[in-house]
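**Student:** What follows is a structure written as structure tokens; I'll ask about it next.
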Amino acid sequence: MRATTIGLISTNYVHDDFDELTESRTLPTLMFGGKYRLIDFAISNMVNAGINAVGVISHYKYRSLADHISNGKPWGLARKKGGLFMLPGSVYASREKGNRFLVRDLLDNHIFFDKEKEADYVILCDGSTVMNIDFRAFIENHQQSGDPVTLLCKSMPERTDGRFLEVEDGHVKAFSRAGWGSDLRFLNCMIIDRQYLVNGLERYGAMDFSDLMEVFDERIGYMKVGYMEYDGFVGVIESLNDYMRVSQKLLDEDVRAELFDGERKIYTKPQDRTPTIYRPGSVVKNSLVSAGCVIEGRVENSIISRNTYVGKGAVVKDCIILQKGRIEEGAYIRGVISDKSAVISKGVRLEAGADRPIVIAKESTV
Amino acid sequence: MQKKECIAMLLAGGQGSRLGLLTKSIAKPAVSFGGKYRIIDFSLSNCVNSGIDTVGVLIQYRPMVLSRYLGTGESWDLDALDSGVYVLPPYATESGGNWYEGTADAIFRNMRFISHYDPEYVLILSGDHLYNMDYNQMLEAHKAKGADLTVAVREVPWEEASRFGIMSVDGSDRITKFAEKPKKPESNLASMGIYIFTWSVLRDALTRDNQDPNSDKDFGKNIIPMLLGEGKELFAYHFDGFWKDVGTVESYYDAQMDLLSDEPEFDIYRSDVPIYSNSNIYPAHRIGPDAEVDWAIICNGSIIDGSVKHSIIGSGAVIEKGAQIVDSIVLPGARVGSGSVIKSSIVNEDAVVAEGSVIGGKEGTICVIGDGGEVAVSERQV
């Protein structure tokens, strides 16, 4: 019989480094690329590999998550067999950087693994990594290795955070930090034999306050953990600067095309906006613009989300404008990330320094 | 299932032959409009926005794109419990089968579909018109007058009246006379091809008309004159908002280019009555570093590396480097090769324009570039 895989996505982790952007939402529901939310990549990757049962561990600020994923219909997951399952996460989200999967969240939701008991494998990943990966190849790789766990990683010598894999003879021997030797960064994504995970969770029930990765840290010497290096584009988003950098990467045509134009589509909740209109006199260079916008001013090197207005004489440079933004006549903004429905008033000038973007909070006016 | 007060039957089988290359492989209601819509989106959205949740779609000419597009109806929110979009093609019976012979025949042969819902009223629509209308108001008028049939009408310029079904009405909007495409019109109130029938009256009329071997089985030619002759309660319902039947390449082109104006006649931007469509899988569009965009409507999924002036670029269309698009409409999925110059033209869906092509721009003409690369030139009527 063909092996079956189920998916589990955690959104129950906290980052303090996003200013107001994560004040009312979990990082995976932050908008990305003008019309998506970060979690769209994780869910789409799963359904594109034929996975038809996907659990999403929620975060205590789950309103935006519930609103966005609902019953999974946009991803074809409103199903009789399988489907999308919202699994309640504990109120104590993973806080340690690089941690994603609370053992408690996995234990409390063991019903998901029980219900999908025909599944051989579970792909476990976070909801904020930007990539369009062929999980079929990942599953095949895992199946052929015979290892109970395979971690996904990528050579990323530029990263200074997260877990790095020390490997030997095709297996992970230890985890290390950036600069300690290995440049294979763990992408917060693994495939694990379902039964192995269930058995392990029973054994580590007493450690339910810790993160699955902390269990791995401790037990890695006794486990047979394989790894697969991913060679596609990966956008790791651990900070505001990451968010800006990865968003700007979309302006690189190769990256944009890899993420959005291949056979594997990225799906999101549909919004039915009218097309965007550029009025006479507007100037737009090197930008991504979503539907429903009215552009009268100048836009350069920016990501403009749906229903944004850029007034006459306004200049938007190196910015990310989230949905329903309003940049009024003659305003000048550079290096700004403006959250949903933020207003930049007439003639206002805002320019970020090179080290960090300026964030304009949701529904605020400057 | 709960009984329905009113269901809609949407006639979508027409070829729209005057649109030439644009309807060579798809039916007119499936033709792209405004970059991301198909013409049928407007009547389907009107249904949803008017609270009519059950729509039978009568298909016949080249239905593949249309049927696929409609899917389960979820894009228009028409997949709620007890509601839906149902594609109704001509079918065979134990005594054989044939095509729908006329608009009335198409409805006659689907009377069992209507009976299934046992509605009080049936709304008959055409799937190839552009307009934004609240059918509820028309239904209220139909009920208030105790009508058997209400026909939506609008004033048209006198010189165009002979192209339409023309009504004469009295002071209470009772229809006193009806003439299909009259040479010498007595009125300039034109039928918009939108009818509300009391179901029992429609059922009876269709049944009798079907027994008449000389009938063309057409609402305008046969059903309306028959009911009028019998002294039934026929009323006109005035609609003065935007309405257009884009029958020709010229009117199709003009209606879309008007969307670029400051206050377009056809206001697709109203937020209270959104227009739904099944075209939402595209990412945001990309405007390249060397692109020039001046006065344009651009849809999701398109890639602009060339120059776009006073034009509409549909979903997923690609304008390569150095290409110039002027006063033109590039339909979804089309690609215009680098260095091409396209003026006053319509590039059909999925068409590929080879590098360095120079097409259109002769005054008084509109070029249509087909999906096989062929070019048809239409002269504007002066």
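Residues are referred to by chain and number: the chain letter is A, B, ... according to the order shown in the structure tokens, the number counts from 1 in that chain, and ligands are numbered separately from 1 in the order shown.
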Within 8 Å of chain A, which residues of chain B are there when counting only C-alpha atoms? Please give them as a VMD selection string.
**Tutor:** chain B and resid 34 to 36 260 268 to 269 274 to 277 280 to 281 283 to 300
**Student:** Write the residues of the preceding selection, restricted to N, CA, C and O atoms, as a short mmCIF file (atom, residue, chain, number, x, y, z; two decimals), in the first residue's frame.
**Tutor:**
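This went into again.cif:
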data_model
loop_
_atom_site.label_atom_id
_atom_site.label_comp_id
_atom_site.auth_asym_id
_atom_site.auth_seq_id
_atom_site.Cartn_x
_atom_site.Cartn_y
_atom_site.Cartn_z
N GLY B 34 -12.53 43.23 -18.45
CA GLY B 34 -11.94 44.05 -17.38
C GLY B 34 -10.71 43.43 -16.74
O GLY B 34 -10.35 43.77 -15.63
N GLY B 35 -10.08 42.49 -17.44
CA GLY B 35 -8.81 41.94 -16.97
C GLY B 35 -8.93 40.69 -16.14
O GLY B 35 -8.13 39.78 -16.28
N LYS B 36 -9.92 40.62 -15.24
CA LYS B 36 -9.98 39.43 -14.40
C LYS B 36 -11.34 38.76 -14.40
O LYS B 36 -11.50 37.68 -13.84
N LEU B 260 -11.02 52.76 -17.57
CA LEU B 260 -9.83 53.54 -17.24
C LEU B 260 -10.15 54.99 -16.89
O LEU B 260 -9.32 55.70 -16.34
N ILE B 268 -17.38 49.12 -11.66
CA ILE B 268 -17.10 47.80 -11.08
C ILE B 268 -16.44 47.95 -9.70
O ILE B 268 -16.17 46.96 -9.04
N TYR B 269 -16.19 49.19 -9.28
CA TYR B 269 -15.44 49.41 -8.04
C TYR B 269 -16.31 49.58 -6.81
O TYR B 269 -15.82 49.81 -5.72
N PRO B 274 -20.09 43.76 -4.51
CA PRO B 274 -18.85 43.28 -5.12
C PRO B 274 -19.13 42.35 -6.30
O PRO B 274 -20.16 41.69 -6.34
N ILE B 275 -18.23 42.35 -7.25
CA ILE B 275 -18.34 41.42 -8.37
C ILE B 275 -17.41 40.25 -8.08
O ILE B 275 -16.21 40.43 -7.87
N TYR B 276 -18.00 39.08 -8.04
CA TYR B 276 -17.23 37.89 -7.72
C TYR B 276 -16.73 37.25 -9.00
O TYR B 276 -17.34 37.37 -10.06
N SER B 277 -15.62 36.54 -8.88
CA SER B 277 -15.11 35.83 -10.04
C SER B 277 -14.28 34.66 -9.58
O SER B 277 -13.89 34.57 -8.42
N ASN B 280 -8.78 33.72 -8.66
CA ASN B 280 -8.05 34.27 -7.52
C ASN B 280 -6.78 33.54 -7.13
O ASN B 280 -6.26 33.76 -6.05
N ILE B 281 -6.25 32.68 -8.00
CA ILE B 281 -5.06 31.94 -7.56
C ILE B 281 -3.76 32.66 -7.91
O ILE B 281 -2.69 32.17 -7.65
N PRO B 283 -0.64 35.40 -7.83
CA PRO B 283 0.04 36.28 -6.88
C PRO B 283 -0.11 37.74 -7.31
O PRO B 283 -0.67 38.03 -8.36
N ALA B 284 0.40 38.65 -6.49
CA ALA B 284 0.41 40.07 -6.85
C ALA B 284 1.15 40.24 -8.17
O ALA B 284 2.02 39.43 -8.51
N HIS B 285 0.81 41.27 -8.95
CA HIS B 285 1.53 41.45 -10.21
C HIS B 285 2.87 42.13 -9.96
O HIS B 285 3.06 42.81 -8.96
N ARG B 286 3.79 41.91 -10.89
CA ARG B 286 5.14 42.46 -10.73
C ARG B 286 5.39 43.51 -11.81
O ARG B 286 5.15 43.28 -12.98
N ILE B 287 5.85 44.66 -11.38
CA ILE B 287 6.26 45.70 -12.31
C ILE B 287 7.78 45.73 -12.27
O ILE B 287 8.36 46.00 -11.22
N GLY B 288 8.41 45.42 -13.37
CA GLY B 288 9.86 45.29 -13.42
C GLY B 288 10.59 46.61 -13.28
O GLY B 288 9.99 47.68 -13.37
N PRO B 289 11.92 46.54 -13.07
CA PRO B 289 12.71 47.76 -12.84
C PRO B 289 12.71 48.71 -14.03
O PRO B 289 12.84 49.92 -13.86
N ASP B 290 12.58 48.16 -15.26
CA ASP B 290 12.62 49.03 -16.44
C ASP B 290 11.24 49.27 -17.04
O ASP B 290 11.12 49.83 -18.12
N ALA B 291 10.21 48.79 -16.35
CA ALA B 291 8.86 48.92 -16.90
C ALA B 291 8.37 50.36 -16.81
O ALA B 291 8.85 51.14 -15.98
N GLU B 292 7.43 50.68 -17.70
CA GLU B 292 6.76 51.98 -17.58
C GLU B 292 5.27 51.73 -17.59
O GLU B 292 4.76 51.08 -18.49
N VAL B 293 4.61 52.21 -16.56
CA VAL B 293 3.17 52.02 -16.47
C VAL B 293 2.53 53.39 -16.33
O VAL B 293 2.80 54.10 -15.36
N ASP B 294 1.77 53.76 -17.31
CA ASP B 294 1.15 55.07 -17.25
C ASP B 294 -0.33 54.92 -17.65
O ASP B 294 -0.63 54.67 -18.81
N TRP B 295 -1.20 55.01 -16.69
CA TRP B 295 -2.64 54.93 -16.93
C TRP B 295 -2.99 53.50 -17.37
O TRP B 295 -3.08 53.22 -18.57
N ALA B 296 -3.20 52.65 -16.41
CA ALA B 296 -3.45 51.25 -16.76
C ALA B 296 -4.25 50.55 -15.68
O ALA B 296 -4.25 50.95 -14.52
N ILE B 297 -4.93 49.49 -16.10
CA ILE B 297 -5.52 48.55 -15.16
C ILE B 297 -4.71 47.27 -15.28
O ILE B 297 -4.52 46.76 -16.39
N ILE B 298 -4.19 46.80 -14.15
CA ILE B 298 -3.32 45.64 -14.20
C ILE B 298 -3.79 44.62 -13.15
O ILE B 298 -4.08 44.98 -12.01
N CYS B 299 -3.87 43.37 -13.58
CA CYS B 299 -4.43 42.32 -12.72
C CYS B 299 -3.34 41.48 -12.08
O CYS B 299 -2.20 41.46 -12.53
N ASN B 300 -3.75 40.75 -11.05
CA ASN B 300 -2.85 39.84 -10.36
C ASN B 300 -2.22 38.84 -11.32
O ASN B 300 -2.83 38.45 -12.31
#
**Student:** Would you pick out the contacts of A:Asp355 at 12 Å or less, using only C-alpha atoms, so that residues sharing its chain but fewer than 6 positions from it are not included, and give the list as number ranges by chain?
**Tutor:** A: 240-242, 244-245, 335
**Student:** Give me the residues near stretch 192-195 of chain B as a count of residues only, where near means some atom within 6 Å (using only C-alpha atoms) and where sequence neighbours in that chain fewer than 2 positions away do not count.
**Tutor:** 7
**Student:** Please provide as a PyMOL selection string all residues within 9 Å of B:Tyr86, with the sequence filter that same-chain residues fewer than 6 positions apart are discarded (counting only C-alpha atoms).
**Tutor:** chain B and resi 54-58+70+72-73
**Student:** Can you pull out every residue within 10 Å of A:Tyr196, counting only C-alpha atoms, but drop anything in the same chain fewer than 6 positions away, and send it as a list in words?
**Tutor:**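 Within the cut-off, the hits are Asp120, Tyr121, Val122, Pro148 and Val149 of chain A.
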**Student:** Do you know which residues are at most 9 Å from A:Ile133 counting only C-alpha atoms, after dropping those on the same chain fewer than 4 positions away, and could you put them as a list in words?
**Tutor:**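 Skipping anything fewer than 4 positions along the chain leaves Phe41, Asn45, Ala137, Phe138, Tyr230, Gly232, Phe233, Leu259 and Arg264 of chain A.
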**Student:** Would you export the selected residues with C-alpha atoms as a PDB file, in the first residue's frame, please?
**Tutor:**
ATOM      1  CA  PHE A  41       3.316  28.379   2.200  1.00  0.00           C
ATOM      2  CA  ASN A  45       3.294  22.771   0.360  1.00  0.00           C
ATOM      3  CA  ALA A 137      10.602  14.329  -2.693  1.00  0.00           C
ATOM      4  CA  PHE A 138      11.095  14.884   1.036  1.00  0.00           C
ATOM      5  CA  TYR A 230      17.087  21.641   0.484  1.00  0.00           C
ATOM      6  CA  GLY A 232      15.503  25.803  -3.239  1.00  0.00           C
ATOM      7  CA  PHE A 233      14.856  29.304  -1.977  1.00  0.00           C
ATOM      8  CA  LEU A 259       7.714  30.719  -5.232  1.00  0.00           C
ATOM      9  CA  ARG A 264       2.869  23.997  -7.304  1.00  0.00           C
TER      10      ARG A 264
END
**Student:** Select, from A:Arg298, A:Arg326, A:Lys173, A:His110, the residue with the minimum atom-to-atom distance to A:Val343, counting only C-alpha atoms.
**Tutor:**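 Among A:Arg298, A:Arg326, A:Lys173, A:His110, it is A:Arg326 that comes nearest to A:Val343.
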**Student:** To one decimal place in Å, what is the distance between atom CA of B:Asp134 and atom CA of B:Ser67?
**Tutor:** 25.1 Å
**Student:** If I take atom CA of A:Arg95 and atom CA of A:Ile51, how far is one from the other in Å, to one decimal?
**Tutor:** 29.0 Å
**Student:** Please run DSSP on the backbone and report, as number ranges by chain, all residues within stretch 67-106 of chain A that come out as strand (DSSP E).
**Tutor:** A: 83-87
**Student:** Taking N, CA, C and O atoms for each residue, export the selection above as a short mmCIF file (atom, residue, chain, number, x, y, z; two decimals), in the first residue's frame.
**Tutor:**
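Listing of out.cif after writing:
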data_model
loop_
_atom_site.label_atom_id
_atom_site.label_comp_id
_atom_site.auth_asym_id
_atom_site.auth_seq_id
_atom_site.Cartn_x
_atom_site.Cartn_y
_atom_site.Cartn_z
N GLY A 83 -8.86 16.54 6.02
CA GLY A 83 -9.33 17.91 6.15
C GLY A 83 -8.36 18.75 6.95
O GLY A 83 -7.23 18.34 7.22
N LEU A 84 -8.82 19.94 7.31
CA LEU A 84 -7.99 20.84 8.10
C LEU A 84 -8.49 20.84 9.54
O LEU A 84 -9.68 21.01 9.79
N PHE A 85 -7.59 20.62 10.47
CA PHE A 85 -7.98 20.54 11.88
C PHE A 85 -7.30 21.65 12.66
O PHE A 85 -6.08 21.75 12.68
N MET A 86 -8.10 22.48 13.28
CA MET A 86 -7.54 23.50 14.16
C MET A 86 -7.34 22.84 15.52
O MET A 86 -8.30 22.38 16.14
N LEU A 87 -6.09 22.77 15.97
CA LEU A 87 -5.77 22.09 17.23
C LEU A 87 -5.36 23.13 18.26
O LEU A 87 -4.44 23.91 18.02
#
**Student:** When you count only C-alpha atoms, which of these residues is closest to B:Met226: B:His129, B:Phe242, B:Asn136, B:Lys177?
**Tutor:**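 Using only C-alpha atoms, B:Met226 sits closest to B:Lys177.
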**Student:** Pick the closest to B:Ser162 from B:Asp148, B:Asp79, B:Glu186, B:Asp41: which is it, counting only C-alpha atoms?
**Tutor:**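 Of B:Asp148, B:Asp79, B:Glu186, B:Asp41, the one nearest B:Ser162 is B:Glu186, counting only C-alpha atoms.
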